[in-house]
>>> print(open('model_17.cif').read())   # mmCIF, C-alpha atoms
data_query
loop_
_atom_site.label_atom_id
_atom_site.label_comp_id
_atom_site.auth_asym_id
_atom_site.auth_seq_id
_atom_site.Cartn_x
_atom_site.Cartn_y
_atom_site.Cartn_z
CA MET D 1 117.69 31.23 -98.41
CA VAL D 2 120.75 31.43 -96.14
CA LYS D 3 121.20 34.95 -94.73
CA GLY D 4 123.59 36.92 -96.90
CA ASP D 5 123.27 34.35 -99.70
CA ASP D 6 121.96 36.78 -102.35
CA TYR D 7 120.32 33.76 -104.05
CA ALA D 8 123.69 32.11 -104.68
CA LEU D 9 122.17 28.61 -104.42
CA SER D 10 118.56 29.24 -105.39
CA ARG D 11 116.36 30.89 -108.00
CA ILE D 12 115.70 34.60 -107.80
CA PRO D 13 111.93 34.98 -107.29
CA VAL D 14 110.02 36.85 -109.97
CA GLU D 15 109.04 39.58 -107.51
CA LYS D 16 112.72 40.25 -106.76
CA ARG D 17 113.64 40.99 -110.39
CA ARG D 18 114.96 44.46 -111.15
CA PRO D 19 114.36 47.07 -113.89
CA MET D 20 116.44 46.71 -117.05
CA TRP D 21 118.26 50.04 -116.60
CA GLU D 22 119.42 49.07 -113.14
CA VAL D 23 121.00 45.82 -114.32
CA PHE D 24 122.33 47.56 -117.43
CA MET D 25 124.23 50.10 -115.33
CA ILE D 26 126.17 47.35 -113.56
CA ARG D 27 126.91 45.55 -116.81
CA PHE D 28 127.87 48.80 -118.56
CA GLY D 29 130.40 49.39 -115.80
CA ALA D 30 132.09 46.09 -116.67
CA VAL D 31 132.64 47.26 -120.26
CA VAL D 32 133.70 50.91 -119.88
CA THR D 33 137.03 50.31 -118.15
CA LEU D 34 140.69 51.20 -118.53
CA SER D 35 141.39 47.68 -119.84
CA GLN D 36 138.89 48.30 -122.66
CA PHE D 37 140.60 51.63 -123.28
CA ILE D 38 143.94 49.83 -123.62
CA LEU D 39 142.36 47.52 -126.22
CA GLY D 40 140.90 50.49 -128.10
CA ALA D 41 144.28 52.22 -128.15
CA ALA D 42 145.90 49.06 -129.54
CA LEU D 43 143.32 49.06 -132.35
CA GLY D 44 143.87 52.76 -133.02
CA TYR D 45 147.63 52.36 -133.17
CA GLY D 46 147.27 49.96 -136.10
CA MET D 47 144.02 51.08 -137.77
CA THR D 48 142.14 54.13 -138.96
CA LEU D 49 139.17 55.27 -136.88
CA LYS D 50 136.65 53.77 -139.33
CA GLU D 51 138.51 50.43 -139.40
CA ALA D 52 138.74 50.30 -135.60
CA LEU D 53 135.05 51.06 -135.16
CA LEU D 54 134.12 48.42 -137.76
CA ALA D 55 136.27 45.82 -135.98
CA THR D 56 134.67 46.78 -132.66
CA LEU D 57 131.20 46.52 -134.17
CA LEU D 58 131.85 43.05 -135.63
CA GLY D 59 133.54 41.79 -132.47
CA SER D 60 130.66 43.12 -130.41
CA VAL D 61 128.19 41.11 -132.52
CA LEU D 62 129.95 37.89 -131.47
CA LEU D 63 129.91 38.98 -127.83
CA GLU D 64 126.24 39.95 -128.04
CA ILE D 65 125.19 36.56 -129.43
CA ILE D 66 126.80 34.62 -126.56
CA SER D 67 125.84 37.18 -123.91
CA PHE D 68 122.22 37.28 -125.03
CA LEU D 69 121.71 33.53 -125.33
CA ILE D 70 123.28 32.51 -122.05
CA GLY D 71 121.84 35.62 -120.43
CA VAL D 72 118.30 34.67 -121.46
CA ALA D 73 118.78 31.22 -119.93
CA GLY D 74 119.89 32.89 -116.69
CA ALA D 75 116.88 35.24 -116.72
CA TRP D 76 114.32 32.52 -117.53
CA GLU D 77 115.63 30.27 -114.77
CA GLY D 78 116.75 32.95 -112.28
CA LEU D 79 120.07 31.14 -111.81
CA SER D 80 123.73 32.21 -111.75
CA THR D 81 126.17 30.85 -114.33
CA SER D 82 127.69 28.08 -112.20
CA LEU D 83 124.31 26.97 -110.79
CA LEU D 84 122.65 27.04 -114.22
CA ALA D 85 125.45 24.77 -115.47
CA ARG D 86 124.05 21.91 -113.32
CA TRP D 87 121.07 21.60 -115.69
CA SER D 88 122.75 22.95 -118.83
CA GLY D 89 125.34 20.38 -119.73
CA PHE D 90 127.62 19.77 -116.78
CA GLY D 91 125.69 18.13 -113.94
CA ARG D 92 126.06 18.68 -110.20
CA LEU D 93 129.77 17.88 -109.83
CA GLY D 94 130.60 19.14 -113.30
CA SER D 95 129.09 22.52 -112.45
CA SER D 96 131.18 22.59 -109.27
CA LEU D 97 134.27 22.37 -111.48
CA ILE D 98 132.93 25.31 -113.51
CA GLY D 99 132.28 27.26 -110.31
CA LEU D 100 135.80 26.54 -109.11
CA ILE D 101 137.38 27.63 -112.41
CA VAL D 102 135.37 30.86 -112.50
CA GLY D 103 135.98 31.45 -108.80
CA ILE D 104 139.75 31.01 -108.90
CA SER D 105 140.02 33.05 -112.08
CA CYS D 106 137.99 35.95 -110.66
CA ILE D 107 139.75 35.89 -107.28
CA GLY D 108 143.10 36.02 -109.05
CA TRP D 109 142.09 38.91 -111.30
CA PHE D 110 140.55 40.66 -108.29
CA GLY D 111 143.91 40.61 -106.53
CA ILE D 112 145.87 41.62 -109.63
CA GLN D 113 143.47 44.46 -110.41
CA ASN D 114 143.77 45.53 -106.79
CA SER D 115 147.55 45.79 -107.17
CA ILE D 116 147.11 47.78 -110.39
CA PHE D 117 144.64 49.99 -108.52
CA ALA D 118 147.23 50.90 -105.88
CA GLN D 119 150.02 51.35 -108.44
CA GLY D 120 147.80 53.59 -110.59
CA LEU D 121 146.94 55.79 -107.61
CA ASN D 122 150.60 55.97 -106.69
CA GLN D 123 151.46 57.06 -110.24
CA ALA D 124 148.59 59.55 -110.33
CA PHE D 125 149.83 61.22 -107.15
CA GLY D 126 153.47 61.31 -108.19
CA GLY D 127 154.76 58.29 -106.26
CA THR D 128 153.75 59.52 -102.79
CA ILE D 129 151.51 56.58 -101.81
CA ASN D 130 152.59 53.38 -100.05
CA ILE D 131 151.46 50.71 -102.51
CA LYS D 132 151.11 47.86 -99.99
CA VAL D 133 149.05 49.92 -97.56
CA MET D 134 146.85 51.18 -100.39
CA SER D 135 146.39 47.62 -101.73
CA LEU D 136 145.22 46.50 -98.30
CA VAL D 137 142.76 49.38 -97.94
CA THR D 138 141.28 49.17 -101.44
CA GLY D 139 140.95 45.38 -101.36
CA LEU D 140 139.12 45.34 -98.02
CA VAL D 141 136.85 48.24 -99.01
CA ILE D 142 135.70 46.47 -102.19
CA THR D 143 135.28 43.23 -100.23
CA LEU D 144 132.94 44.98 -97.79
CA LEU D 145 130.95 46.44 -100.70
CA VAL D 146 130.42 43.01 -102.28
CA VAL D 147 129.32 41.52 -98.94
CA TYR D 148 126.00 43.32 -99.50
CA GLY D 149 125.54 41.62 -102.89
CA TYR D 150 123.60 42.87 -105.89
CA LYS D 151 122.11 45.88 -104.10
CA MET D 152 125.54 47.36 -103.39
CA LEU D 153 126.73 46.53 -106.92
CA SER D 154 123.88 48.70 -108.18
CA TYR D 155 124.67 51.59 -105.83
CA THR D 156 128.36 51.42 -106.71
CA ALA D 157 127.69 51.35 -110.46
CA ASN D 158 125.39 54.37 -110.23
CA ILE D 159 128.28 56.37 -108.78
CA ALA D 160 131.34 54.78 -110.43
CA VAL D 161 130.09 54.66 -114.04
CA PRO D 162 129.22 58.39 -114.31
CA GLY D 163 132.37 59.20 -112.33
CA PHE D 164 134.56 57.22 -114.71
CA LEU D 165 132.93 58.70 -117.81
CA LEU D 166 133.31 62.23 -116.41
CA ALA D 167 136.99 61.68 -115.56
CA LEU D 168 137.56 60.06 -118.94
CA GLY D 169 135.92 63.00 -120.69
CA ILE D 170 138.11 65.50 -118.80
CA ALA D 171 141.28 63.50 -119.54
CA THR D 172 140.32 63.20 -123.22
CA TYR D 173 139.72 66.93 -123.48
CA GLN D 174 143.02 67.74 -121.75
CA LEU D 175 144.93 65.53 -124.15
CA LEU D 176 143.11 66.30 -127.38
CA SER D 177 142.45 70.03 -126.96
CA LYS D 178 145.81 70.77 -128.59
CA TYR D 179 144.95 68.78 -131.73
CA ASP D 180 142.67 69.39 -134.68
CA LEU D 181 139.72 67.00 -134.37
CA ASN D 182 139.10 66.71 -138.13
CA THR D 183 142.72 65.71 -138.68
CA LEU D 184 142.49 63.01 -135.99
CA LEU D 185 139.21 61.67 -137.39
CA ASN D 186 140.81 61.07 -140.79
CA SER D 187 144.43 60.35 -139.81
CA SER D 188 146.35 57.20 -140.76
CA PRO D 189 147.34 54.70 -138.06
CA PRO D 190 150.70 55.63 -136.46
CA GLY D 191 151.81 52.02 -136.00
CA GLN D 192 152.04 48.79 -137.97
CA GLN D 193 148.84 47.96 -139.88
CA LEU D 194 146.46 45.66 -138.00
CA SER D 195 144.23 43.35 -140.06
CA LEU D 196 140.45 43.43 -139.61
CA GLY D 197 140.30 39.74 -138.69
CA VAL D 198 142.89 40.08 -135.93
CA ALA D 199 141.18 43.20 -134.59
CA VAL D 200 137.73 41.55 -134.50
CA THR D 201 139.07 38.59 -132.54
CA MET D 202 140.88 40.94 -130.15
CA VAL D 203 137.57 42.67 -129.39
CA ALA D 204 135.54 39.47 -129.03
CA GLY D 205 138.22 37.62 -127.08
CA GLY D 206 138.80 40.54 -124.74
CA PHE D 207 135.37 40.29 -123.08
CA MET D 208 134.43 36.65 -123.78
CA VAL D 209 134.76 35.58 -120.13
CA GLY D 210 132.49 38.48 -119.18
CA ALA D 211 129.98 37.28 -121.77
CA VAL D 212 129.95 33.74 -120.34
CA VAL D 213 129.18 34.90 -116.78
CA THR D 214 126.26 37.08 -117.97
CA PRO D 215 123.69 35.01 -115.98
CA ASP D 216 125.26 36.24 -112.73
CA LEU D 217 123.56 39.57 -113.56
CA SER D 218 120.84 38.63 -116.08
CA ARG D 219 119.13 36.42 -113.46
CA TYR D 220 117.87 39.74 -112.10
CA ASN D 221 116.29 40.66 -115.46
CA ARG D 222 112.54 40.28 -115.76
CA ASN D 223 112.39 38.79 -119.27
CA ALA D 224 114.30 38.11 -122.49
CA LYS D 225 113.60 41.60 -123.82
CA ASP D 226 115.34 43.13 -120.81
CA VAL D 227 118.31 40.81 -121.35
CA PHE D 228 118.50 41.85 -124.99
CA TRP D 229 118.64 45.56 -124.25
CA MET D 230 120.89 45.13 -121.21
CA THR D 231 123.51 43.20 -123.17
CA LEU D 232 123.10 45.08 -126.46
CA LEU D 233 123.42 48.58 -125.02
CA SER D 234 126.23 47.73 -122.61
CA ILE D 235 128.37 45.94 -125.20
CA PHE D 236 127.78 48.11 -128.26
CA ALA D 237 127.56 51.50 -126.55
CA GLY D 238 130.41 50.73 -124.16
CA GLU D 239 132.79 49.18 -126.67
CA LEU D 240 132.17 51.78 -129.40
CA LEU D 241 132.41 54.76 -127.05
CA ILE D 242 135.66 53.66 -125.43
CA THR D 243 137.19 52.58 -128.76
CA PHE D 244 136.31 55.92 -130.37
CA LEU D 245 138.06 57.94 -127.63
CA ALA D 246 141.03 55.56 -127.39
CA VAL D 247 141.65 55.64 -131.16
CA LEU D 248 141.66 59.44 -131.18
CA MET D 249 144.20 59.47 -128.35
CA ALA D 250 146.40 56.84 -129.98
CA HIS D 251 146.45 58.86 -133.21
CA ALA D 252 147.14 62.10 -131.35
CA VAL D 253 150.10 60.90 -129.25
CA LYS D 254 151.33 58.36 -131.85
CA SER D 255 151.43 55.63 -129.21
CA ALA D 256 149.33 52.72 -127.97
CA ASP D 257 150.40 53.42 -124.36
CA VAL D 258 147.77 56.10 -123.76
CA ILE D 259 146.96 54.96 -120.21
CA THR D 260 150.40 55.91 -118.93
CA ILE D 261 150.07 59.26 -120.70
CA MET D 262 146.65 59.82 -119.09
CA LEU D 263 147.91 58.92 -115.63
CA ASN D 264 150.87 61.25 -116.06
CA LEU D 265 148.32 64.06 -116.09
CA GLY D 266 148.37 63.55 -112.34
CA GLY D 267 145.96 64.84 -109.72
CA TRP D 268 142.33 64.01 -109.19
CA THR D 269 141.46 63.37 -112.84
CA ALA D 270 143.97 60.54 -113.13
CA ALA D 271 143.12 59.25 -109.66
CA ALA D 272 139.39 59.23 -110.49
CA LEU D 273 140.05 57.22 -113.66
CA VAL D 274 141.86 54.54 -111.65
CA ILE D 275 139.44 54.54 -108.72
CA PHE D 276 136.17 54.41 -110.65
CA SER D 277 137.47 51.98 -113.28
CA THR D 278 138.81 49.49 -110.75
CA ILE D 279 135.94 49.63 -108.28
CA LYS D 280 133.25 48.72 -110.80
CA ILE D 281 135.16 45.85 -112.41
CA ASN D 282 136.65 44.45 -109.20
CA ASP D 283 133.37 44.27 -107.33
CA LEU D 284 132.03 42.17 -110.23
CA ASN D 285 135.15 39.96 -110.11
CA LEU D 286 134.59 39.26 -106.44
CA TYR D 287 130.83 38.82 -106.85
CA ALA D 288 131.27 36.24 -109.63
CA ALA D 289 133.92 34.47 -107.53
CA SER D 290 131.61 34.25 -104.52
CA LEU D 291 128.80 32.73 -106.62
CA GLY D 292 131.12 30.20 -108.26
CA ILE D 293 132.77 29.09 -105.02
CA SER D 294 129.36 28.88 -103.28
CA ASN D 295 128.21 26.40 -105.92
CA PHE D 296 131.47 24.43 -105.61
CA LEU D 297 131.17 24.07 -101.82
CA ASP D 298 127.51 23.07 -102.04
CA ALA D 299 127.91 20.55 -104.88
CA VAL D 300 131.05 18.82 -103.61
CA PHE D 301 130.85 19.11 -99.82
CA GLY D 302 127.20 19.95 -99.20
CA ILE D 303 128.26 23.17 -97.43
CA LYS D 304 125.76 26.01 -97.75
CA MET D 305 127.97 28.83 -96.54
CA SER D 306 126.62 32.37 -96.43
CA ARG D 307 127.80 34.14 -99.56
CA ALA D 308 128.54 37.21 -97.44
CA ILE D 309 130.93 35.28 -95.18
CA LEU D 310 132.48 33.56 -98.18
CA THR D 311 133.01 36.96 -99.82
CA ILE D 312 134.90 38.18 -96.76
CA ILE D 313 137.12 35.08 -96.80
CA ILE D 314 138.00 35.08 -100.50
CA GLY D 315 138.19 38.88 -100.68
CA THR D 316 140.67 38.88 -97.80
CA LEU D 317 142.73 36.16 -99.48
CA GLY D 318 142.76 38.07 -102.77
CA THR D 319 143.73 41.27 -100.99
CA LEU D 320 146.58 39.61 -99.09
CA GLY D 321 147.78 38.08 -102.34
CA SER D 322 147.97 41.53 -103.92
CA VAL D 323 149.72 43.03 -100.88
CA LEU D 324 152.34 40.27 -100.83
CA GLY D 325 152.78 40.49 -104.60
CA ILE D 326 152.37 36.73 -105.11
CA LEU D 327 149.47 36.96 -107.56
CA ASP D 328 151.66 38.54 -110.23
CA LYS D 329 153.38 35.16 -110.53
CA PHE D 330 150.06 33.50 -111.39
CA VAL D 331 149.10 35.65 -114.39
CA ASN D 332 149.98 32.89 -116.87
CA PHE D 333 147.91 30.41 -114.83
CA LEU D 334 144.93 32.78 -114.88
CA ILE D 335 145.29 33.17 -118.65
CA ILE D 336 145.18 29.38 -118.93
CA LEU D 337 141.99 29.30 -116.86
CA GLY D 338 140.56 32.03 -119.08
CA THR D 339 140.90 29.72 -122.09
CA ALA D 340 138.77 27.11 -120.30
CA ILE D 341 135.83 29.45 -119.57
CA PRO D 342 134.54 30.39 -123.09
CA PRO D 343 133.65 26.79 -124.11
CA VAL D 344 131.62 26.51 -120.90
CA GLY D 345 129.24 29.13 -122.27
CA GLY D 346 129.10 27.44 -125.66
CA ILE D 347 128.28 24.03 -124.18
CA MET D 348 125.60 25.54 -121.93
CA VAL D 349 123.96 27.32 -124.88
CA VAL D 350 123.88 24.10 -126.95
CA ASP D 351 122.49 22.03 -124.09
CA TYR D 352 119.85 24.55 -122.97
CA PHE D 353 118.57 25.86 -126.31
CA ILE D 354 119.22 23.02 -128.77
CA LEU D 355 119.31 19.71 -126.88
CA LYS D 356 116.94 20.92 -124.11
CA ARG D 357 117.77 17.93 -121.92
CA TYR D 358 116.46 19.41 -118.66
CA ARG D 359 114.03 22.06 -119.88
CA HIS D 360 111.00 20.03 -118.68
CA GLU D 361 112.41 19.59 -115.16
CA LEU D 362 113.41 23.24 -115.00
CA ALA D 363 109.95 24.40 -116.09
CA GLU D 364 108.18 22.16 -113.58
CA SER D 365 110.37 23.26 -110.69
CA MET D 366 109.98 26.91 -111.70
CA ASN D 367 106.19 26.55 -111.39
CA GLN D 368 106.66 25.00 -107.95
CA GLY D 369 109.10 27.70 -106.86
CA CYS D 370 111.96 25.29 -106.16
CA MET D 371 114.99 23.68 -107.77
CA PRO D 372 114.80 20.53 -109.95
CA GLU D 373 115.27 17.34 -107.93
CA VAL D 374 116.63 15.44 -110.94
CA VAL D 375 120.24 16.16 -111.83
CA GLU D 376 123.16 14.10 -113.11
CA ASP D 377 126.47 14.10 -111.26
CA TRP D 378 128.59 14.24 -114.39
CA ASN D 379 128.09 14.61 -118.10
CA PRO D 380 131.17 12.87 -119.57
CA ILE D 381 130.52 14.25 -123.07
CA ALA D 382 130.47 17.82 -121.78
CA LEU D 383 133.74 17.27 -119.92
CA ILE D 384 135.38 15.65 -122.97
CA SER D 385 134.25 18.57 -125.12
CA LEU D 386 135.52 21.06 -122.54
CA VAL D 387 138.95 19.41 -122.38
CA ALA D 388 139.19 19.21 -126.18
CA ALA D 389 138.18 22.87 -126.52
CA PHE D 390 140.71 23.93 -123.91
CA ILE D 391 143.58 21.98 -125.52
CA ILE D 392 142.88 23.40 -128.97
CA GLY D 393 142.26 26.89 -127.63
CA TYR D 394 145.48 26.93 -125.64
CA PHE D 395 147.91 25.10 -127.91
CA TYR D 396 146.61 25.85 -131.42
CA LYS D 397 148.02 29.20 -132.57
CA GLY D 398 146.01 29.50 -135.78
CA GLY D 399 142.34 30.15 -136.36
CA LEU D 400 140.78 33.13 -134.59
CA ASN D 401 142.18 33.55 -131.07
CA PRO D 402 142.32 31.24 -128.02
CA ALA D 403 138.98 32.39 -126.55
CA LEU D 404 137.03 32.11 -129.80
CA ASN D 405 138.77 28.91 -130.92
CA SER D 406 137.90 27.20 -127.63
CA LEU D 407 134.33 28.53 -127.73
CA LEU D 408 133.64 27.17 -131.22
CA VAL D 409 135.35 23.83 -130.61
CA GLY D 410 133.38 23.38 -127.39
CA MET D 411 130.03 24.03 -129.07
CA ILE D 412 130.68 21.92 -132.17
CA SER D 413 132.24 18.95 -130.39
CA TYR D 414 129.55 18.86 -127.69
CA TYR D 415 126.70 18.99 -130.18
CA GLY D 416 128.30 16.40 -132.47
CA LEU D 417 129.19 13.94 -129.71
CA MET D 418 125.80 14.27 -128.01
CA LYS D 419 123.93 13.67 -131.27
CA LEU D 420 126.14 10.64 -131.95
CA TYR D 421 125.49 9.27 -128.46
CA MET D 422 121.76 9.88 -128.82
CA ALA D 423 121.78 7.97 -132.13
CA ILE D 424 123.20 4.84 -130.50
CA SER D 425 121.41 5.22 -127.16
CA PRO D 426 117.84 3.98 -126.62
CA ALA D 427 117.04 7.15 -124.63
CA LYS D 428 115.80 9.99 -126.80
CA ASN D 429 116.90 12.73 -124.38
CA VAL D 430 120.05 11.39 -122.75
CA LYS D 431 120.65 12.07 -119.07
CA PHE D 432 123.65 10.50 -117.36
CA ILE D 433 121.79 9.44 -114.22
CA LYS D 434 122.42 6.14 -112.47
CA ALA D 435 119.32 3.96 -112.28
#
>>> encode(input="model_17.cif", output="structure tokens")
Amino acid sequence: MVKGDDYALSRIPVEKRRPMWEVFMIRFGAVVTLSQFILGAALGYGMTLKEALLATLLGSVLLEIISFLIGVAGAWEGLSTSLLARWSGFGRLGSSLIGLIVGISCIGWFGIQNSIFAQGLNQAFGGTINIKVMSLVTGLVITLLVVYGYKMLSYTANIAVPGFLLALGIATYQLLSKYDLNTLLNSSPPGQQLSLGVAVTMVAGGFMVGAVVTPDLSRYNRNAKDVFWMTLLSIFAGELLITFLAVLMAHAVKSADVITIMLNLGGWTAAALVIFSTIKINDLNLYAASLGISNFLDAVFGIKMSRAILTIIIGTLGTLGSVLGILDKFVNFLIILGTAIPPVGGIMVVDYFILKRYRHELAESMNQGCMPEVVEDWNPIALISLVAAFIIGYFYKGGLNPALNSLLVGMISYYGLMKLYMAISPAKNVKFIKA
């Protein structure tokens, strides 16, 4: 393993796996965020508390299914999402495309979140902070944290998650102490009624990209049971807790814009909300980006760059982008990329669990403590299915929502086309490898 690699291009050995609670804490930190709070407030503005919690529960079931399945594959093989994709549908060069998409998307959101970080601190302290200077400082600090890989993610989560929950609890108490709790628990939605179907898809679509990159963390799990509890507790406990508090606030202030109201509290409570929320989600953004770009450089150019050095490079670029304000112009582009990521997870699940095209090679190499030598460069059917899923997800305005539409189309089209190809091909388990 290259120094500083953090197993970016190799399996994580069994003896290096971590306890479930440790991995859970990092994953939990990705769910309990201000962005999830914004979603919960939007649900509360158009639904009763019971309706919002039901929608969150149903949406979380969809997230749990994808997270668990692809997470188990990551744990069994000890591989990150983009590396696992080589033997789960996309091939060597196809997986590099996946790594590039995930990498660019996460770098972009890292920079945008970094800008929001600085603006939130500025608002919390009454407009006394220089936003550009703060963006530079916060971006470089998080970059240095991620240089140390999973170990620092764990340390950061152990501090940031309790810190965020404590600050959130204080802010909730300060806002709701003037209201009667029983009235809020049974109050009608203050805004236009939101249907259950729309709400469920909002919940599921809101964290679908996070569900797809589950192997980046689950590769540290020891077994499928650990993956189950890690994903189940983080998604259900995190989503339901945040939604519950956000709905109460939305009903109390009769507005969906509760974040601005919370930040207007000012002082350390508001600052802590911004700091702890951004740190734990942005270190995961940068970590996922470093893994994806590492796979891209290795698959396309044969460059095995230290993940630590790569983190410094891309973290610096993301930070400079936030300081210069150029990333705000790429939000629409990042949303487009986000539509392309959900079907990746669907195709990987179908290939790994149903078609099982490379399960034999993966099992043999696992026993030998290495990576499979056999791998296709491209899987044209996977790429066709990915493109079709993206087009429908992005341009079709009906159905569920873009993320879920693209996920389902990707899974169905890949399975159908592969079964059709297998029916007309003499090979029982098709691999697109040149003889």
>>> atom_distance(input="model_17.cif", atom1="CA of Gly410 in chain D", atom2="CA of Gly346 in chain D")
6.1 Å
>>> resolve_selection(input="model_17.cif", expression="the PyMOL selection byres ((chain D and resi 107-122) around 7)", output="ChimeraX atom specification")
/D:103-106,123-129,131,134-135,138-139,271,274-275,278,282,285-286,289,318-319,321-322,327-328,334
>>> resolve_selection(input="model_17.cif", expression="the PyMOL selection byres ((chain D and resi 379-381) around 7)", output="NGL selection string")
:D and (89-91 or 378 or 382-385 or 414 or 417-418 or 432)
>>> write_last_selection(input="model_17.cif", atoms="C-alpha atoms", output="CSV table (one decimal), in the coordinates of the input")
chain,number,residue,atom,x,y,z
D,89,GLY,CA,125.3,20.4,-119.7
D,90,PHE,CA,127.6,19.8,-116.8
D,91,GLY,CA,125.7,18.1,-113.9
D,378,TRP,CA,128.6,14.2,-114.4
D,382,ALA,CA,130.5,17.8,-121.8
D,383,LEU,CA,133.7,17.3,-119.9
D,384,ILE,CA,135.4,15.6,-123.0
D,385,SER,CA,134.2,18.6,-125.1
D,414,TYR,CA,129.6,18.9,-127.7
D,417,LEU,CA,129.2,13.9,-129.7
D,418,MET,CA,125.8,14.3,-128.0
D,432,PHE,CA,123.6,10.5,-117.4
>>> atom_distance(input="model_17.cif", atom1="CA of Gly99 in chain D", atom2="CA of Val212 in chain D")
12.2 Å
>>> resolve_selection(input="model_17.cif", expression="the PyMOL selection byres ((chain D and resi 37) around 12)", output="JSON, numbers by chain")
{"D": [31, 32, 33, 34, 35, 36, 38, 39, 40, 41, 42, 43, 44, 164, 165, 168, 172, 203, 206, 238, 239, 240, 241, 242, 243, 244, 245, 246, 247, 248, 249, 250, 256, 257, 258, 259, 260, 262, 273, 277]}
>>> atom_distance(input="model_17.cif", atom1="CA of Gly292 in chain D", atom2="CA of Leu153 in chain D")
17.0 Å
>>> residues_near_point(input="model_17.cif", point="(143.3, 67.3, -123.6)", cutoff="12 Å", atoms="only C-alpha atoms", output="CSV table (one decimal) with C-alpha atoms, in the frame of the given file")
chain,number,residue,atom,x,y,z
D,167,ALA,CA,137.0,61.7,-115.6
D,168,LEU,CA,137.6,60.1,-118.9
D,169,GLY,CA,135.9,63.0,-120.7
D,170,ILE,CA,138.1,65.5,-118.8
D,171,ALA,CA,141.3,63.5,-119.5
D,172,THR,CA,140.3,63.2,-123.2
D,173,TYR,CA,139.7,66.9,-123.5
D,174,GLN,CA,143.0,67.7,-121.8
D,175,LEU,CA,144.9,65.5,-124.2
D,176,LEU,CA,143.1,66.3,-127.4
D,177,SER,CA,142.4,70.0,-127.0
D,178,LYS,CA,145.8,70.8,-128.6
D,179,TYR,CA,145.0,68.8,-131.7
D,180,ASP,CA,142.7,69.4,-134.7
D,181,LEU,CA,139.7,67.0,-134.4
D,245,LEU,CA,138.1,57.9,-127.6
D,248,LEU,CA,141.7,59.4,-131.2
D,249,MET,CA,144.2,59.5,-128.4
D,252,ALA,CA,147.1,62.1,-131.4
D,253,VAL,CA,150.1,60.9,-129.2
D,261,ILE,CA,150.1,59.3,-120.7
D,262,MET,CA,146.6,59.8,-119.1
D,265,LEU,CA,148.3,64.1,-116.1
D,269,THR,CA,141.5,63.4,-112.8
>>> residues_near_point(input="model_17.cif", point="(147.2, 30.0, -122.7)", cutoff="8 Å", atoms="only C-alpha atoms", output="CSV table (one decimal) with C-alpha atoms, in the coordinates of the input")
chain,number,residue,atom,x,y,z
D,332,ASN,CA,150.0,32.9,-116.9
D,333,PHE,CA,147.9,30.4,-114.8
D,335,ILE,CA,145.3,33.2,-118.6
D,336,ILE,CA,145.2,29.4,-118.9
D,337,LEU,CA,142.0,29.3,-116.9
D,338,GLY,CA,140.6,32.0,-119.1
D,339,THR,CA,140.9,29.7,-122.1
D,393,GLY,CA,142.3,26.9,-127.6
D,394,TYR,CA,145.5,26.9,-125.6
D,395,PHE,CA,147.9,25.1,-127.9
D,402,PRO,CA,142.3,31.2,-128.0
>>> residues_around(input="model_17.cif", residues="Ser290 in chain D", least_positions_apart="4", cutoff="8 Å", atoms="only C-alpha atoms", output="PyMOL selection string")
chain D and resi 103+286+294+307+310-311+314
>>> write_last_selection(input="model_17.cif", atoms="C-alpha atoms", output="mmCIF file, in the frame of the given file")
data_model
loop_
_atom_site.group_PDB
_atom_site.id
_atom_site.type_symbol
_atom_site.label_atom_id
_atom_site.label_comp_id
_atom_site.auth_asym_id
_atom_site.auth_seq_id
_atom_site.Cartn_x
_atom_site.Cartn_y
_atom_site.Cartn_z
ATOM 1 C CA GLY D 103 135.980 31.450 -108.800
ATOM 2 C CA LEU D 286 134.590 39.260 -106.440
ATOM 3 C CA SER D 294 129.360 28.880 -103.280
ATOM 4 C CA ARG D 307 127.800 34.140 -99.560
ATOM 5 C CA LEU D 310 132.480 33.560 -98.180
ATOM 6 C CA THR D 311 133.010 36.960 -99.820
ATOM 7 C CA ILE D 314 138.000 35.080 -100.500
#
>>> residues_around(input="model_17.cif", residues="Ile341 in chain D", least_positions_apart="5", cutoff="9 Å", atoms="only C-alpha atoms", output="VMD selection string")
chain D and resid 98 101 to 102 208 to 209 212 386 390 403 406 to 407
>>> residues_around(input="model_17.cif", residues="range 159-163 of chain D", least_positions_apart="2", cutoff="7 Å", atoms="only C-alpha atoms", output="MDAnalysis selection string")
chainID D and resid 29 155:157 165:167 276 280
>>> residues_around(input="model_17.cif", residues="Leu84 in chain D", least_positions_apart="4", cutoff="9 Å", atoms="all atoms listed in the file", output="MDAnalysis selection string")
chainID D and resid 73:74 77:80 88 95 215 348
>>> residues_around(input="model_17.cif", residues="range 366-376 of chain D", least_positions_apart="4", cutoff="10 Å", atoms="only C-alpha atoms", output="PyMOL selection string")
chain D and resi 9-14+76-79+86-87+89-94+358+360-362+431-434
>>> closest_residue(input="model_17.cif", among="D:Val200, D:Thr81, D:Leu100, D:Val146", to="Leu54 in chain D", atoms="only C-alpha atoms")
D:Val200
